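This is protein_34.txt. It holds compact mmCIF, C-alpha atoms.
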```txt
# COMPACT_ATOMS: atom_id res chain seq x y z
CA MET K 327 91.37 6.71 -30.87
CA GLN K 328 87.82 5.37 -31.00
CA LEU K 329 85.95 3.13 -28.60
CA PHE K 330 82.83 1.25 -29.65
CA THR K 331 80.87 0.24 -26.55
CA ASN K 332 77.86 -1.96 -25.72
CA ILE K 333 78.18 -3.91 -28.98
CA LYS K 334 75.39 -6.47 -29.12
CA GLY K 335 77.70 -8.92 -30.85
CA LEU K 336 81.33 -8.48 -31.98
CA VAL K 337 81.57 -10.99 -34.80
CA ASN K 338 84.50 -13.14 -35.96
CA THR K 339 86.93 -12.31 -33.18
CA ARG K 340 90.12 -14.32 -33.60
CA GLU K 341 93.48 -14.27 -31.83
CA GLU K 342 94.84 -16.55 -34.52
CA SER K 343 93.32 -17.64 -37.81
CA SER K 344 93.67 -20.17 -40.57
CA VAL K 345 91.64 -21.19 -43.60
CA LEU K 346 88.40 -22.76 -42.40
CA LYS K 347 87.55 -26.11 -43.95
CA GLY K 348 84.50 -28.31 -43.69
CA SER K 349 82.69 -28.26 -40.36
CA HIS K 350 85.06 -25.57 -39.02
CA LEU K 351 83.40 -23.09 -41.38
CA ALA K 352 80.49 -22.96 -38.91
CA ASP K 353 82.77 -21.86 -36.05
CA LEU K 354 82.07 -18.14 -35.81
CA PRO K 355 83.28 -16.58 -32.56
CA VAL K 356 81.01 -13.78 -31.28
CA ILE K 357 81.53 -11.75 -28.10
CA GLU K 358 78.24 -10.48 -26.70
CA ASN K 359 78.00 -7.09 -24.98
CA ALA K 360 81.44 -6.20 -26.25
CA PHE K 361 83.79 -3.28 -26.81
CA LEU K 362 86.14 -2.56 -29.71
CA PHE K 363 89.07 -0.15 -29.39
CA ILE K 364 90.64 1.37 -32.50
CA GLU K 365 93.95 3.22 -32.52
CA ASP K 366 96.14 4.40 -35.44
CA HIS K 367 93.68 2.94 -37.97
CA LYS K 368 94.09 -0.56 -36.50
CA ILE K 369 92.13 -2.84 -34.20
CA ALA K 370 94.02 -2.34 -30.93
CA ASP K 371 91.86 -4.26 -28.48
CA TYR K 372 88.46 -5.86 -27.96
CA GLY K 373 86.60 -7.91 -25.39
CA ALA K 374 83.57 -8.07 -23.11
CA MET K 375 82.31 -4.79 -21.63
CA LYS K 376 82.96 -6.10 -18.13
CA ASP K 377 86.68 -6.21 -19.03
CA LEU K 378 86.85 -2.72 -20.58
CA PRO K 379 90.02 -0.91 -19.44
CA GLU K 380 89.21 2.44 -17.85
CA ALA K 381 91.94 4.17 -19.87
CA TYR K 382 89.97 3.59 -23.11
CA LEU K 383 87.16 5.82 -21.83
CA ARG K 384 89.27 8.87 -22.71
CA SER K 385 88.72 8.04 -26.42
CA LYS K 386 85.91 9.10 -28.72
CA ILE K 387 83.08 6.81 -27.59
CA ILE K 388 80.48 5.40 -29.98
CA ASP K 389 77.60 3.60 -28.31
CA THR K 390 76.47 0.62 -30.39
CA THR K 391 73.62 -0.70 -28.28
CA GLY K 392 71.58 -3.26 -30.23
CA ARG K 393 74.04 -3.36 -33.11
CA TYR K 394 76.56 -5.87 -34.42
CA ILE K 395 80.08 -5.16 -35.62
CA LEU K 396 81.72 -7.55 -38.05
CA PRO K 397 84.77 -7.42 -40.32
CA CYS K 398 84.21 -5.99 -43.78
CA TRP K 399 83.52 -8.39 -46.63
CA CYS K 400 86.55 -9.69 -48.55
CA ASP K 401 85.54 -10.06 -52.19
CA SER K 402 88.17 -12.28 -53.78
CA HIS K 403 86.79 -12.53 -57.34
CA THR K 404 85.68 -9.50 -59.38
CA HIS K 405 85.96 -8.00 -62.85
CA LEU K 406 85.45 -4.45 -61.60
CA VAL K 407 87.27 -2.72 -64.48
CA PHE K 408 85.06 -2.64 -67.57
CA ALA K 409 83.97 -0.06 -70.11
CA ALA K 410 80.22 -0.55 -70.33
CA SER K 411 77.28 -2.57 -69.06
CA ARG K 412 75.69 -5.32 -71.18
CA GLU K 413 71.99 -5.15 -70.44
CA GLU K 414 71.21 -5.87 -74.11
CA GLU K 415 72.58 -9.37 -73.52
CA PHE K 416 70.45 -9.60 -70.40
CA VAL K 417 67.42 -9.23 -72.65
CA ASP K 418 68.85 -11.86 -75.04
CA LYS K 419 69.05 -14.24 -72.07
CA LEU K 420 65.43 -13.49 -71.18
CA LYS K 421 64.51 -14.42 -74.76
CA GLY K 422 66.14 -17.81 -74.29
CA MET K 423 69.64 -17.43 -75.71
CA SER K 424 72.36 -19.38 -73.90
CA TYR K 425 75.71 -18.07 -72.67
CA GLU K 426 77.44 -19.92 -75.51
CA GLU K 427 75.01 -18.60 -78.17
CA ILE K 428 75.52 -15.01 -77.05
CA ALA K 429 79.28 -15.52 -77.18
CA LEU K 430 79.09 -16.97 -80.69
CA LYS K 431 77.33 -13.86 -82.04
CA GLY K 432 80.06 -11.58 -80.70
CA GLY K 433 78.58 -10.94 -77.30
CA GLY K 434 79.91 -11.84 -73.91
CA ILE K 435 83.59 -11.31 -73.18
CA LEU K 436 84.37 -10.19 -76.75
CA ASN K 437 81.69 -7.49 -76.49
CA SER K 438 83.32 -6.11 -73.35
CA ALA K 439 86.76 -6.36 -74.94
CA ALA K 440 85.75 -4.28 -77.95
CA LYS K 441 84.29 -1.54 -75.75
CA LEU K 442 87.26 -1.52 -73.40
CA ARG K 443 89.82 -1.22 -76.20
CA ALA K 444 88.10 1.97 -77.35
CA MET K 445 87.97 3.63 -73.93
CA PRO K 446 90.80 5.92 -72.72
CA GLU K 447 92.61 4.73 -69.61
CA ASP K 448 91.69 7.77 -67.53
CA LEU K 449 87.97 7.30 -68.16
CA LEU K 450 88.26 3.57 -67.45
CA PHE K 451 89.93 4.40 -64.14
CA GLN K 452 87.33 7.02 -63.24
CA GLN K 453 84.46 4.57 -63.81
CA ALA K 454 86.19 1.80 -61.86
CA TRP K 455 86.92 4.15 -58.95
CA GLU K 456 83.25 5.13 -58.71
CA ARG K 457 82.26 1.46 -58.63
CA LEU K 458 84.82 0.70 -55.95
CA LYS K 459 83.60 3.56 -53.76
CA GLU K 460 80.06 2.18 -54.01
CA LEU K 461 81.24 -1.31 -53.03
CA MET K 462 83.05 0.04 -49.98
CA GLN K 463 79.81 1.70 -48.88
CA LEU K 464 78.20 -1.74 -49.16
CA GLY K 465 80.78 -3.18 -46.77
CA THR K 466 83.56 -4.48 -49.01
CA GLY K 467 86.88 -3.96 -47.24
CA ALA K 468 89.24 -5.88 -49.55
CA ILE K 469 88.92 -6.79 -53.21
CA GLU K 470 90.55 -8.73 -56.04
CA ILE K 471 90.20 -7.35 -59.58
CA LYS K 472 90.93 -9.21 -62.82
CA SER K 473 91.93 -8.06 -66.28
CA GLY K 474 90.62 -10.08 -69.21
CA TYR K 475 88.52 -7.60 -71.17
CA GLY K 476 91.52 -6.42 -73.17
CA LEU K 477 92.74 -9.54 -75.00
CA THR K 478 95.55 -7.56 -76.67
CA VAL K 479 98.91 -6.66 -75.18
CA GLU K 480 98.05 -2.96 -75.08
CA SER K 481 94.56 -3.36 -73.63
CA GLU K 482 95.47 -5.96 -71.02
CA LEU K 483 98.25 -3.65 -69.82
CA LYS K 484 95.77 -0.77 -69.79
CA MET K 485 93.42 -2.73 -67.52
CA LEU K 486 96.21 -3.76 -65.17
CA ARG K 487 97.49 -0.18 -64.99
CA VAL K 488 94.00 0.92 -63.99
CA ILE K 489 93.98 -1.73 -61.25
CA GLN K 490 97.41 -0.50 -60.15
CA ARG K 491 96.01 3.03 -59.87
CA LEU K 492 93.13 1.68 -57.80
CA LYS K 493 95.64 -0.03 -55.52
CA GLU K 494 97.40 3.28 -54.99
CA LYS K 495 94.25 5.30 -54.38
CA ALA K 496 91.95 2.91 -52.52
CA PRO K 497 92.09 2.76 -48.71
CA ILE K 498 91.45 -1.00 -48.81
CA PRO K 499 93.65 -3.91 -49.97
CA VAL K 500 93.36 -4.42 -53.75
CA LYS K 501 94.82 -7.45 -55.52
CA ALA K 502 95.42 -7.68 -59.29
CA THR K 503 94.93 -10.79 -61.41
CA PHE K 504 96.04 -11.15 -65.03
CA LEU K 505 93.28 -12.92 -66.97
CA GLY K 506 94.47 -12.55 -70.55
CA ALA K 507 93.25 -16.14 -71.02
CA HIS K 508 89.63 -15.10 -70.59
CA SER K 509 88.63 -15.83 -74.18
CA PHE K 510 90.20 -16.12 -77.62
CA PRO K 511 89.93 -12.80 -79.49
CA LYS K 512 88.36 -12.84 -82.96
CA GLU K 513 91.70 -12.55 -84.73
CA PHE K 514 92.85 -15.76 -83.02
CA LYS K 515 89.56 -17.68 -83.31
CA ASN K 516 91.21 -20.32 -85.49
CA ASN K 517 94.71 -19.94 -84.07
CA HIS K 518 94.60 -20.82 -80.42
CA PRO K 519 98.34 -21.61 -80.19
CA GLY K 520 99.09 -18.17 -81.62
CA TYR K 521 97.14 -16.38 -78.89
CA ILE K 522 98.66 -18.52 -76.16
CA GLN K 523 102.10 -17.62 -77.45
CA LEU K 524 101.10 -13.95 -77.39
CA ILE K 525 100.17 -14.32 -73.72
CA ILE K 526 103.38 -16.12 -72.87
CA ASN K 527 105.89 -14.22 -75.01
CA GLU K 528 104.51 -10.67 -74.97
CA MET K 529 101.88 -10.10 -72.29
CA LEU K 530 103.58 -11.84 -69.38
CA PRO K 531 107.03 -10.24 -69.84
CA ALA K 532 105.46 -6.76 -70.07
CA ILE K 533 103.30 -7.36 -67.00
CA ALA K 534 106.27 -8.66 -65.02
CA HIS K 535 108.42 -5.68 -66.10
CA GLU K 536 105.88 -3.23 -64.67
CA HIS K 537 104.96 -5.43 -61.66
CA LEU K 538 101.27 -5.16 -62.56
CA ALA K 539 99.82 -8.44 -61.29
CA ASP K 540 99.75 -10.63 -58.20
CA TYR K 541 98.01 -13.62 -59.78
CA ILE K 542 97.33 -15.29 -63.11
CA ASP K 543 93.96 -16.78 -64.02
CA VAL K 544 92.57 -18.83 -66.91
CA PHE K 545 88.97 -19.52 -67.98
CA CYS K 546 89.25 -23.30 -68.15
CA GLU K 547 86.05 -24.29 -69.92
CA GLU K 548 84.71 -26.05 -73.01
CA GLY K 549 84.87 -23.61 -75.92
CA PHE K 550 87.48 -21.50 -74.13
CA PHE K 551 90.76 -22.88 -72.72
CA SER K 552 91.37 -26.61 -72.38
CA VAL K 553 93.05 -28.21 -69.39
CA ALA K 554 96.31 -28.56 -71.34
CA GLU K 555 96.19 -24.93 -72.48
CA THR K 556 95.36 -23.83 -68.94
CA GLU K 557 98.36 -25.66 -67.54
CA THR K 558 100.69 -24.20 -70.16
CA ILE K 559 99.56 -20.64 -69.45
CA LEU K 560 99.59 -20.97 -65.67
CA GLN K 561 103.04 -22.52 -65.62
CA ALA K 562 104.31 -19.67 -67.77
CA GLY K 563 102.83 -17.16 -65.33
CA MET K 564 104.30 -19.00 -62.37
CA GLN K 565 107.75 -18.50 -63.91
CA TYR K 566 107.19 -14.78 -63.32
CA GLY K 567 106.08 -15.29 -59.73
CA LEU K 568 102.33 -15.05 -60.43
CA LYS K 569 100.32 -17.46 -58.32
CA PRO K 570 97.56 -19.34 -60.17
CA LYS K 571 93.82 -18.97 -59.84
CA ILE K 572 91.35 -20.68 -62.18
CA HIS K 573 87.83 -20.11 -63.47
CA ALA K 574 86.84 -23.75 -63.07
CA ASN K 575 83.79 -25.95 -63.67
CA GLN K 576 81.31 -23.16 -64.35
CA LEU K 577 79.52 -24.59 -67.38
CA HIS K 578 80.93 -28.12 -67.49
CA ALA K 579 83.07 -30.50 -65.45
CA SER K 580 86.09 -29.05 -67.24
CA GLY K 581 88.94 -30.52 -65.21
CA GLY K 582 89.79 -27.04 -63.99
CA VAL K 583 89.61 -28.04 -60.33
CA GLU K 584 92.01 -30.94 -60.77
CA ILE K 585 94.61 -28.92 -62.69
CA GLY K 586 94.26 -26.13 -60.16
CA VAL K 587 95.01 -28.52 -57.30
CA LYS K 588 97.90 -30.03 -59.25
CA LEU K 589 99.51 -26.60 -59.69
CA GLY K 590 98.79 -25.45 -56.14
CA ALA K 591 96.32 -22.77 -57.19
CA LEU K 592 95.35 -20.32 -54.49
CA SER K 593 91.72 -20.76 -55.50
CA VAL K 594 89.47 -22.40 -58.06
CA ASP K 595 86.39 -20.30 -58.68
CA HIS K 596 82.78 -20.91 -59.80
CA LEU K 597 82.33 -24.69 -59.25
CA GLU K 598 78.73 -24.90 -60.42
CA THR K 599 79.46 -28.30 -62.00
CA MET K 600 81.30 -30.62 -59.64
CA THR K 601 82.10 -34.32 -59.81
CA ASP K 602 83.10 -36.60 -56.93
CA ARG K 603 86.64 -36.61 -58.31
CA ALA K 604 86.79 -32.80 -58.35
CA ILE K 605 85.41 -32.57 -54.83
CA GLN K 606 87.92 -35.07 -53.48
CA ALA K 607 90.77 -33.27 -55.23
CA LEU K 608 89.71 -30.06 -53.49
CA VAL K 609 89.31 -31.75 -50.10
CA HIS K 610 92.87 -33.05 -50.14
CA SER K 611 94.49 -29.75 -51.07
CA SER K 612 95.22 -26.28 -49.74
CA THR K 613 93.27 -24.72 -52.63
CA ILE K 614 90.17 -22.70 -51.75
CA GLY K 615 86.94 -23.23 -53.65
CA THR K 616 85.40 -19.81 -54.29
CA LEU K 617 81.66 -19.86 -54.93
CA LEU K 618 79.94 -17.11 -56.92
CA PRO K 619 76.20 -17.58 -56.36
CA THR K 620 75.10 -14.29 -57.96
CA ALA K 621 76.60 -15.45 -61.28
CA ALA K 622 74.62 -18.69 -61.12
CA TYR K 623 71.51 -16.69 -60.22
CA PHE K 624 71.95 -14.24 -63.08
CA LEU K 625 72.57 -17.02 -65.61
CA ARG K 626 69.71 -19.11 -64.18
CA MET K 627 72.07 -22.02 -63.63
CA SER K 628 72.11 -24.55 -60.84
CA PHE K 629 73.74 -23.08 -57.76
CA GLN K 630 77.07 -24.39 -56.54
CA PRO K 631 76.79 -27.50 -54.31
CA ALA K 632 77.97 -25.65 -51.21
CA ARG K 633 76.53 -28.12 -48.73
CA GLU K 634 78.20 -31.07 -50.45
CA LEU K 635 81.52 -29.24 -50.62
CA ILE K 636 81.44 -28.18 -46.97
CA ASP K 637 80.28 -31.56 -45.71
CA ALA K 638 83.11 -33.21 -47.67
CA GLY K 639 85.65 -30.98 -45.91
CA CYS K 640 86.50 -28.35 -48.53
CA ALA K 641 87.64 -24.80 -47.83
CA ILE K 642 85.02 -22.42 -49.22
CA ALA K 643 85.06 -18.68 -49.90
CA LEU K 644 82.30 -16.48 -51.27
CA ALA K 645 82.75 -13.69 -53.81
CA SER K 646 80.61 -11.53 -56.07
CA ASP K 647 82.08 -12.12 -59.57
CA PHE K 648 81.08 -8.49 -60.23
CA ASN K 649 81.16 -8.09 -64.03
CA PRO K 650 78.96 -6.58 -66.74
CA GLY K 651 77.85 -9.82 -68.35
CA THR K 652 77.07 -12.49 -65.80
CA SER K 653 77.00 -10.85 -62.35
CA PRO K 654 76.38 -7.10 -62.58
CA SER K 655 76.45 -6.57 -58.83
CA GLY K 656 79.26 -6.41 -56.30
CA ASN K 657 76.92 -6.38 -53.31
CA MET K 658 78.41 -8.93 -50.93
CA ASN K 659 75.43 -8.65 -48.60
CA THR K 660 73.37 -10.19 -51.40
CA VAL K 661 76.02 -12.87 -51.94
CA VAL K 662 75.89 -13.85 -48.26
CA SER K 663 72.11 -13.94 -48.21
CA MET K 664 71.83 -15.89 -51.46
CA SER K 665 74.38 -18.41 -50.20
CA CYS K 666 72.13 -19.19 -47.25
CA ILE K 667 68.83 -19.16 -49.11
CA GLN K 668 69.86 -20.98 -52.28
CA MET K 669 72.93 -22.98 -51.24
CA LYS K 670 71.78 -23.89 -47.70
CA MET K 671 74.83 -22.44 -46.01
CA LEU K 672 74.41 -21.54 -42.35
CA PRO K 673 74.74 -17.82 -41.55
CA GLU K 674 77.96 -18.56 -39.67
CA GLU K 675 79.38 -20.43 -42.65
CA ALA K 676 78.47 -17.69 -45.09
CA ILE K 677 79.93 -14.91 -42.94
CA ASN K 678 83.18 -16.83 -42.48
CA ALA K 679 83.36 -17.62 -46.19
CA ALA K 680 82.86 -13.95 -47.09
CA THR K 681 85.35 -12.62 -44.53
CA ILE K 682 88.27 -14.72 -43.25
CA ASN K 683 88.27 -17.30 -46.06
CA GLY K 684 87.80 -14.56 -48.64
CA ALA K 685 90.85 -12.83 -47.18
CA TYR K 686 92.88 -16.03 -47.50
CA ALA K 687 91.70 -16.43 -51.10
CA MET K 688 93.63 -13.24 -51.96
CA GLU K 689 96.37 -13.47 -49.35
CA CYS K 690 95.44 -10.42 -47.29
CA GLN K 691 94.51 -12.34 -44.14
CA GLU K 692 97.18 -10.48 -42.14
CA MET K 693 95.33 -7.19 -42.77
CA VAL K 694 91.62 -8.01 -42.92
CA GLY K 695 89.02 -10.77 -42.60
CA SER K 696 88.50 -10.95 -38.85
CA ILE K 697 88.34 -8.84 -35.70
CA SER K 698 91.94 -9.36 -34.63
CA LYS K 699 94.48 -7.14 -32.91
CA GLY K 700 96.73 -5.40 -35.39
CA LYS K 701 94.45 -5.81 -38.40
CA ASN K 702 93.07 -2.86 -40.33
CA ALA K 703 89.95 -1.43 -38.70
CA ASN K 704 87.75 -2.26 -41.70
CA ILE K 705 84.40 -2.97 -40.08
CA ILE K 706 80.68 -3.09 -40.77
CA PHE K 707 78.52 -1.41 -38.16
CA THR K 708 74.96 -2.76 -38.52
CA LYS K 709 71.64 -1.21 -37.73
CA GLN K 710 69.83 -2.49 -34.65
CA LEU K 711 69.16 -6.17 -35.36
CA SER K 712 67.26 -8.85 -33.48
CA SER K 713 70.00 -11.42 -34.17
CA LEU K 714 72.99 -12.09 -36.39
CA ASP K 715 70.85 -14.45 -38.48
CA TYR K 716 68.82 -11.42 -39.58
CA ILE K 717 71.66 -10.40 -41.93
CA PRO K 718 71.07 -13.17 -44.51
CA TYR K 719 67.40 -13.55 -43.60
CA ALA K 720 66.40 -10.00 -44.58
CA PHE K 721 67.72 -10.29 -48.14
CA GLY K 722 66.06 -7.10 -49.37
CA SER K 723 66.99 -4.86 -46.46
CA ASN K 724 70.03 -2.67 -45.97
CA ILE K 725 71.32 -3.79 -42.60
CA ILE K 726 74.37 -1.51 -42.65
CA GLU K 727 74.34 1.68 -40.61
CA ALA K 728 77.95 2.61 -41.27
CA VAL K 729 81.19 1.26 -42.74
CA TYR K 730 84.56 2.13 -41.25
CA ILE K 731 87.72 1.75 -43.34
CA ASN K 732 90.99 2.02 -41.44
CA GLY K 733 88.95 3.29 -38.52
CA GLU K 734 87.44 6.17 -40.52
CA LYS K 735 83.71 6.30 -41.20
CA LEU K 736 82.94 6.43 -44.91
```

Encoding of this model in structure tokens:
Amino acid sequence: MQLFTNIKGLVNTREESSVLKGSHLADLPVIENAFLFIEDHKIADYGAMKDLPEAYLRSKIIDTTGRYILPCWCDSHTHLVFAASREEEFVDKLKGMSYEEIALKGGGILNSAAKLRAMPEDLLFQQAWERLKELMQLGTGAIEIKSGYGLTVESELKMLRVIQRLKEKAPIPVKATFLGAHSFPKEFKNNHPGYIQLIINEMLPAIAHEHLADYIDVFCEEGFFSVAETETILQAGMQYGLKPKIHANQLHASGGVEIGVKLGALSVDHLETMTDRAIQALVHSSTIGTLLPTAAYFLRMSFQPARELIDAGCAIALASDFNPGTSPSGNMNTVVSMSCIQMKMLPEEAINAATINGAYAMECQEMVGSISKGKNANIIFTKQLSSLDYIPYAFGSNIIEAVYINGEKL
């Protein structure tokens, strides 16, 4: 049993929760001068210090004067499993090459696929585990991980088996997404129907047989998978019980948002390029729009129109898009800060989007995402801060003093 006392602000305390949409995203409950009681790895109780039960004082007491406690970040969109970094493409971008030009010369996703196919599964797992440990130290307390750098039956299964091993080893919730429709491999460059049939007839049955995925995703984008192809693949995945997610509207107004809403996608992710029609489709749905500002930053693209989406009434989550090509960082503290600075989100909106809404975007809201009784004690314990707003304001500072996962200090 552990008792945190004299907490300057206990952030995102909720007896009940739901996905936060529109103006409700700014509703961030904070208890000042608070206590937090942890028992059996769970949040057992919390409240104002004046209401602290005397019985709790027999626990291990941690004085948190001047510090905030908030739920760990819930990163609902990553590509954590990869074989190698791609800094050579970073230099190509600096020289003026576009995302599409790099892809056409064999870079991008196909570059990562070639390297991953050559790497043994055990080494791939070891590298991914080291990355995940680093992200937990940065405050990530739940994570979604996609395949999509395999693009063959064998290599996609290898990636998903690595994610399964991470699920078994990691002390945090890990969700797996099958993203075989990330790109067309070279051998299917001129035979798109052939690759789609490979996904449907060989990859999906094998994945379902081994229970390797929770979700199915498609990169719906010009030059990748069309709206019609996206729908075909997602519907095939849904037949195996995989809920849809979509890479939507990153480079163009691709129609990915609309098809995602039509199919009841859990989330549509990226959204750099939004039309009024896409925004209204999202508003009138239960689908969450997941924004990935570090990807836009790294690609020097326009940032997602967060203010327009929130003001229209959309449900918004924030995630890192951690991957070797377009967002080589899984630091959710940076994501939260960048969302405020570049997308004009309020600190309260950004924190909610990166915690409770992020949890809903990967269906682990019963375990994480808020300070609620019965949830896993996955918490960020800050350094002494002048205010909660200091978290996104001090974008270059490490504001974390400690991270606790299941009530245990990392």

- Message: I'd like the contact shell of Lys419 of chain K - 10 Å cut-off, all atoms listed in the file, skipping same-chain residues fewer than 4 positions apart - returned as a ChimeraX atom specification.
- Response: /K:413-415,423-425,427-428,624-626

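When only C-alpha atoms are used to measure the gap to Asp595 of chain K, the shortest distance among K:Ser723, K:Asn649, K:Ser402, K:Asn332 belongs to K:Ser402.
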
- Message: I'd like to know which of K:Leu450, K:Ala703, K:Leu354, K:Leu406 is closest to Asp371 of chain K, using only C-alpha atoms.
- Response: K:Ala703

- K:Lys709, K:Lys493, K:Lys347, K:His508 ranked by distance to Glu470 of chain K, top pick (using only C-alpha atoms): K:Lys493

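Using all atoms listed in the file, the shortest contact distance between Leu577 of chain K and any of K:Ala680, K:Ile471, K:Leu461, K:Ala621 is found at K:Ala621.
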
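The closest residue to Ile725 of chain K, picked from K:Thr652, K:Ser663, K:Ile605, K:Leu505 and counting all atoms listed in the file, is K:Ser663.
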
- Coordinates-based distance that separates atom CA of Leu672 of chain K from atom CA of Leu464 of chain K (Å, one decimal): 21.3 Å

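Considering all atoms listed in the file, the residue among K:Pro673, K:Gly373, K:Pro511, K:Gly639 positioned nearest to Ile717 of chain K is K:Pro673.
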
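Neighbourhood of point (73.0, -4.5, -24.6): residues with an atom at most 10 Å away, counting only C-alpha atoms, are K:Thr331, K:Asn332, K:Ile333, K:Lys334, K:Gly335, K:Glu358, K:Asn359, K:Ala360, K:Met375, K:Thr390, K:Thr391, K:Gly392, K:Arg393.
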
- Message: List as a list in words the protein and nucleic acid residues near Ile395 of chain K, meaning an atom at most 8 Å away when all atoms listed in the file are counted, but skip any in the same chain fewer than 2 places from it.
- Response: Ile333, Gly335, Leu336, Val337, Arg393, Pro397, Ile705, Ile706, Phe707 and Thr708 of chain K

- Excluding same-chain residues fewer than 5 positions from His405 of chain K, what lies within 9 Å of it counting only C-alpha atoms, as a VMD selection string? chain K and resid 470 to 475 647 to 650

- Contact residues around Leu449 of chain K with all atoms listed in the file at 10 Å, ignoring same-chain residues under 5 positions, as a PyMOL selection string: chain K and resi 409+454-455+488

Save out the residues we just selected, C-alpha atoms, as a compact mmCIF listing (two decimals), in the frame of the given file.
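Below is the file that was written, out_2.txt:
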```txt
# COMPACT_ATOMS: atom_id res chain seq x y z
CA ALA K 409 83.97 -0.06 -70.11
CA ALA K 454 86.19 1.80 -61.86
CA TRP K 455 86.92 4.15 -58.95
CA VAL K 488 94.00 0.92 -63.99
```
